[in-house]
Amino acid sequence: MKQKVTGIGGLFFRGRDPQELAAWYQEHLGVDSLFETVWKQEAGPTIYGPFSHDTKYFGRSEQQWMVNFRVGDLDAMIAQLKAAGIAVETRAEWDSEVGRFARIHDPEGNPIELWEPADRSG
């Protein structure tokens, strides 16, 4: 039987202050800090795919990646982030039959996409 990966085991990226950045992700998005524990996420759909090298979807042209986090209630997450002073962008053209999307940036400018799947049954 041909082997395949069973999921994403980690997402690693550079940061000027890794501990501060990990704390931001933990405080505002609920992603457990890798300096404290291993984050256990809920099972559900995951989209994995490369984009064209000249895509404008990520924002800055030098941006090589963008993480997309699933959320259960996008409106509540947006309200929570805005209350914390985090700018949230939404665009009607981002929403589709697969769900609704919003975009934020972490303190180092990395884009983060938030996705509320249309089919919440996972």
# chains A, B, ... in the order shown; residues from 1 in each chain; ligands from 1
>>> residues_around(residues="segment 57-63 of chain A", least_positions_apart="5", cutoff="9 Å", atoms="only C-alpha atoms", output="MDAnalysis selection string")
chainID A and resid 51 110:112
>>> residues_around(residues="Pro45 of chain A", least_positions_apart="5", cutoff="12 Å", atoms="only C-alpha atoms", output="MDAnalysis selection string")
chainID A and resid 7:8 68:71 98:99 115:122
>>> write_last_selection(atoms="N, CA and C atoms", output="PDB file, in the first residue's frame")
ATOM      1  N   GLY A   7      -1.650  14.388   7.715  1.00  0.00           N
ATOM      2  CA  GLY A   7      -2.063  15.715   8.149  1.00  0.00           C
ATOM      3  C   GLY A   7      -0.866  16.632   8.247  1.00  0.00           C
ATOM      4  N   ILE A   8      -1.098  17.841   8.618  1.00  0.00           N
ATOM      5  CA  ILE A   8      -0.012  18.803   8.783  1.00  0.00           C
ATOM      6  C   ILE A   8       0.514  18.667  10.203  1.00  0.00           C
ATOM      7  N   ASN A  68      -3.962  29.585   6.663  1.00  0.00           N
ATOM      8  CA  ASN A  68      -5.416  29.722   6.666  1.00  0.00           C
ATOM      9  C   ASN A  68      -5.915  28.932   7.870  1.00  0.00           C
ATOM     10  N   PHE A  69      -6.585  29.613   8.788  1.00  0.00           N
ATOM     11  CA  PHE A  69      -7.142  28.949   9.965  1.00  0.00           C
ATOM     12  C   PHE A  69      -8.656  28.832   9.816  1.00  0.00           C
ATOM     13  N   ARG A  70      -9.183  27.647  10.105  1.00  0.00           N
ATOM     14  CA  ARG A  70     -10.629  27.412  10.146  1.00  0.00           C
ATOM     15  C   ARG A  70     -11.189  28.024  11.419  1.00  0.00           C
ATOM     16  N   VAL A  71     -12.356  28.637  11.319  1.00  0.00           N
ATOM     17  CA  VAL A  71     -13.044  29.173  12.502  1.00  0.00           C
ATOM     18  C   VAL A  71     -14.496  28.708  12.479  1.00  0.00           C
ATOM     19  N   VAL A  98     -17.459  27.643  -0.863  1.00  0.00           N
ATOM     20  CA  VAL A  98     -16.722  26.898   0.167  1.00  0.00           C
ATOM     21  C   VAL A  98     -16.769  27.593   1.520  1.00  0.00           C
ATOM     22  N   GLY A  99     -17.196  28.862   1.549  1.00  0.00           N
ATOM     23  CA  GLY A  99     -17.318  29.544   2.827  1.00  0.00           C
ATOM     24  C   GLY A  99     -16.994  31.013   2.758  1.00  0.00           C
ATOM     25  N   TRP A 115     -11.123  31.334   7.844  1.00  0.00           N
ATOM     26  CA  TRP A 115     -12.095  30.681   6.965  1.00  0.00           C
ATOM     27  C   TRP A 115     -13.186  30.023   7.788  1.00  0.00           C
ATOM     28  N   GLU A 116     -14.416  30.424   7.515  1.00  0.00           N
ATOM     29  CA  GLU A 116     -15.572  29.739   8.091  1.00  0.00           C
ATOM     30  C   GLU A 116     -16.153  28.880   6.966  1.00  0.00           C
ATOM     31  N   PRO A 117     -15.897  27.554   7.013  1.00  0.00           N
ATOM     32  CA  PRO A 117     -16.399  26.681   5.929  1.00  0.00           C
ATOM     33  C   PRO A 117     -17.914  26.749   5.816  1.00  0.00           C
ATOM     34  N   ALA A 118     -18.408  26.656   4.589  1.00  0.00           N
ATOM     35  CA  ALA A 118     -19.850  26.668   4.345  1.00  0.00           C
ATOM     36  C   ALA A 118     -20.502  25.437   4.946  1.00  0.00           C
ATOM     37  N   ASP A 119     -19.819  24.301   4.837  1.00  0.00           N
ATOM     38  CA  ASP A 119     -20.320  23.047   5.413  1.00  0.00           C
ATOM     39  C   ASP A 119     -19.594  22.828   6.717  1.00  0.00           C
ATOM     40  N   ARG A 120     -20.227  23.161   7.813  1.00  0.00           N
ATOM     41  CA  ARG A 120     -19.582  23.077   9.122  1.00  0.00           C
ATOM     42  C   ARG A 120     -19.548  21.665   9.682  1.00  0.00           C
ATOM     43  N   SER A 121     -20.033  20.692   8.929  1.00  0.00           N
ATOM     44  CA  SER A 121     -20.023  19.311   9.427  1.00  0.00           C
ATOM     45  C   SER A 121     -18.630  18.714   9.355  1.00  0.00           C
ATOM     46  N   GLY A 122     -17.697  19.405   8.633  1.00  0.00           N
ATOM     47  CA  GLY A 122     -16.304  18.990   8.574  1.00  0.00           C
ATOM     48  C   GLY A 122     -16.112  17.844   7.678  1.00  0.00           C
TER      49      GLY A 122
END
>>> residues_around(residues="Trp24 of chain A", least_positions_apart="4", cutoff="8 Å", atoms="only C-alpha atoms", output="MDAnalysis selection string")
chainID A and resid 20 28:29 106:107
>>> select_by_dssp(residues="segment 6-56 of chain A", states="alpha helix (DSSP H)", output="list in words")
Pro18, Gln19, Glu20, Leu21, Ala22, Ala23, Trp24, Tyr25, Gln26, Glu27, His28 and Leu29 of chain A
>>> residues_around(residues="Leu34 of chain A", least_positions_apart="4", cutoff="9 Å", atoms="only C-alpha atoms", output="PyMOL selection string")
chain A and resi 19+22+38-39
>>> residues_around(residues="Ala92 of chain A", least_positions_apart="6", cutoff="10 Å", atoms="only C-alpha atoms", output="ChimeraX atom specification")
/A:100-102
>>> closest_residue(among="A:Thr6, A:Asp73, A:Pro18, A:Trp94", to="Thr46 of chain A", atoms="only C-alpha atoms")
A:Thr6
>>> residues_around(residues="Ile104 of chain A", least_positions_apart="6", cutoff="9 Å", atoms="only C-alpha atoms", output="MDAnalysis selection string")
chainID A and resid 81 86:89 110:114
>>> write_last_selection(atoms="all heavy atoms", output="mmCIF file, in the first residue's frame")
data_model
loop_
_atom_site.group_PDB
_atom_site.id
_atom_site.type_symbol
_atom_site.label_atom_id
_atom_site.label_comp_id
_atom_site.auth_asym_id
_atom_site.auth_seq_id
_atom_site.Cartn_x
_atom_site.Cartn_y
_atom_site.Cartn_z
ATOM 1 N N LEU A 81 -11.320 40.081 17.394
ATOM 2 C CA LEU A 81 -10.054 40.654 16.916
ATOM 3 C C LEU A 81 -10.116 42.181 16.876
ATOM 4 O O LEU A 81 -9.183 42.856 17.302
ATOM 5 C CB LEU A 81 -9.717 40.088 15.539
ATOM 6 C CG LEU A 81 -9.368 38.602 15.522
ATOM 7 C CD1 LEU A 81 -9.382 38.064 14.098
ATOM 8 C CD2 LEU A 81 -8.033 38.350 16.192
ATOM 9 N N ILE A 86 -7.041 44.734 16.398
ATOM 10 C CA ILE A 86 -6.449 44.105 15.221
ATOM 11 C C ILE A 86 -7.305 44.417 14.005
ATOM 12 O O ILE A 86 -8.523 44.199 14.014
ATOM 13 C CB ILE A 86 -6.320 42.581 15.433
ATOM 14 C CG1 ILE A 86 -5.374 42.312 16.608
ATOM 15 C CG2 ILE A 86 -5.846 41.883 14.159
ATOM 16 C CD1 ILE A 86 -5.359 40.877 17.083
ATOM 17 N N ALA A 87 -6.675 44.939 12.975
ATOM 18 C CA ALA A 87 -7.391 45.275 11.735
ATOM 19 C C ALA A 87 -7.803 43.990 11.025
ATOM 20 O O ALA A 87 -7.020 43.053 10.899
ATOM 21 C CB ALA A 87 -6.498 46.103 10.822
ATOM 22 N N VAL A 88 -9.051 43.959 10.581
ATOM 23 C CA VAL A 88 -9.598 42.806 9.872
ATOM 24 C C VAL A 88 -10.124 43.277 8.529
ATOM 25 O O VAL A 88 -10.855 44.260 8.453
ATOM 26 C CB VAL A 88 -10.755 42.145 10.672
ATOM 27 C CG1 VAL A 88 -11.302 40.945 9.919
ATOM 28 C CG2 VAL A 88 -10.300 41.753 12.071
ATOM 29 N N GLU A 89 -9.751 42.564 7.472
ATOM 30 C CA GLU A 89 -10.219 42.902 6.126
ATOM 31 C C GLU A 89 -11.130 41.795 5.627
ATOM 32 O O GLU A 89 -10.836 40.608 5.801
ATOM 33 C CB GLU A 89 -9.032 43.047 5.175
ATOM 34 C CG GLU A 89 -9.434 43.413 3.769
ATOM 35 C CD GLU A 89 -8.247 43.535 2.814
ATOM 36 O OE1 GLU A 89 -7.109 43.252 3.208
ATOM 37 O OE2 GLU A 89 -8.494 43.906 1.648
ATOM 38 N N ASN A 110 2.838 39.097 8.600
ATOM 39 C CA ASN A 110 2.471 37.873 7.887
ATOM 40 C C ASN A 110 0.955 37.789 7.730
ATOM 41 O O ASN A 110 0.219 37.970 8.700
ATOM 42 C CB ASN A 110 2.968 36.640 8.656
ATOM 43 C CG ASN A 110 4.472 36.614 8.764
ATOM 44 O OD1 ASN A 110 5.172 36.729 7.769
ATOM 45 N ND2 ASN A 110 4.972 36.482 9.978
ATOM 46 N N PRO A 111 0.477 37.515 6.519
ATOM 47 C CA PRO A 111 -0.969 37.429 6.318
ATOM 48 C C PRO A 111 -1.532 36.150 6.935
ATOM 49 O O PRO A 111 -0.904 35.098 6.900
ATOM 50 C CB PRO A 111 -1.114 37.410 4.794
ATOM 51 C CG PRO A 111 0.163 36.818 4.308
ATOM 52 C CD PRO A 111 1.218 37.260 5.276
ATOM 53 N N ILE A 112 -2.719 36.273 7.497
ATOM 54 C CA ILE A 112 -3.439 35.145 8.075
ATOM 55 C C ILE A 112 -4.846 35.193 7.523
ATOM 56 O O ILE A 112 -5.541 36.203 7.647
ATOM 57 C CB ILE A 112 -3.500 35.232 9.613
ATOM 58 C CG1 ILE A 112 -2.091 35.241 10.203
ATOM 59 C CG2 ILE A 112 -4.345 34.098 10.192
ATOM 60 C CD1 ILE A 112 -2.042 35.670 11.647
ATOM 61 N N GLU A 113 -5.257 34.101 6.906
ATOM 62 C CA GLU A 113 -6.617 34.019 6.390
ATOM 63 C C GLU A 113 -7.462 33.235 7.385
ATOM 64 O O GLU A 113 -7.034 32.209 7.900
ATOM 65 C CB GLU A 113 -6.610 33.317 5.031
ATOM 66 C CG GLU A 113 -7.946 33.362 4.345
ATOM 67 C CD GLU A 113 -7.829 32.892 2.909
ATOM 68 O OE1 GLU A 113 -7.548 31.689 2.706
ATOM 69 O OE2 GLU A 113 -8.006 33.718 2.009
ATOM 70 N N LEU A 114 -8.638 33.740 7.669
ATOM 71 C CA LEU A 114 -9.603 33.067 8.532
ATOM 72 C C LEU A 114 -10.735 32.577 7.652
ATOM 73 O O LEU A 114 -11.241 33.319 6.820
ATOM 74 C CB LEU A 114 -10.120 34.034 9.593
ATOM 75 C CG LEU A 114 -9.032 34.666 10.459
ATOM 76 C CD1 LEU A 114 -9.627 35.738 11.358
ATOM 77 C CD2 LEU A 114 -8.299 33.616 11.272
#
>>> atom_distance(atom1="atom CA of Leu74 of chain A", atom2="atom CA of Tyr48 of chain A")
20.5 Å
>>> closest_residue(among="A:Trp65, A:Ser96, A:Ala83, A:Gly72", to="Arg14 of chain A", atoms="only C-alpha atoms")
A:Trp65
>>> atom_distance(atom1="atom CA of Arg103 of chain A", atom2="atom CA of Glu36 of chain A")
26.5 Å
>>> atom_distance(atom1="atom CA of Glu42 of chain A", atom2="atom CA of Asp95 of chain A")
22.4 Å
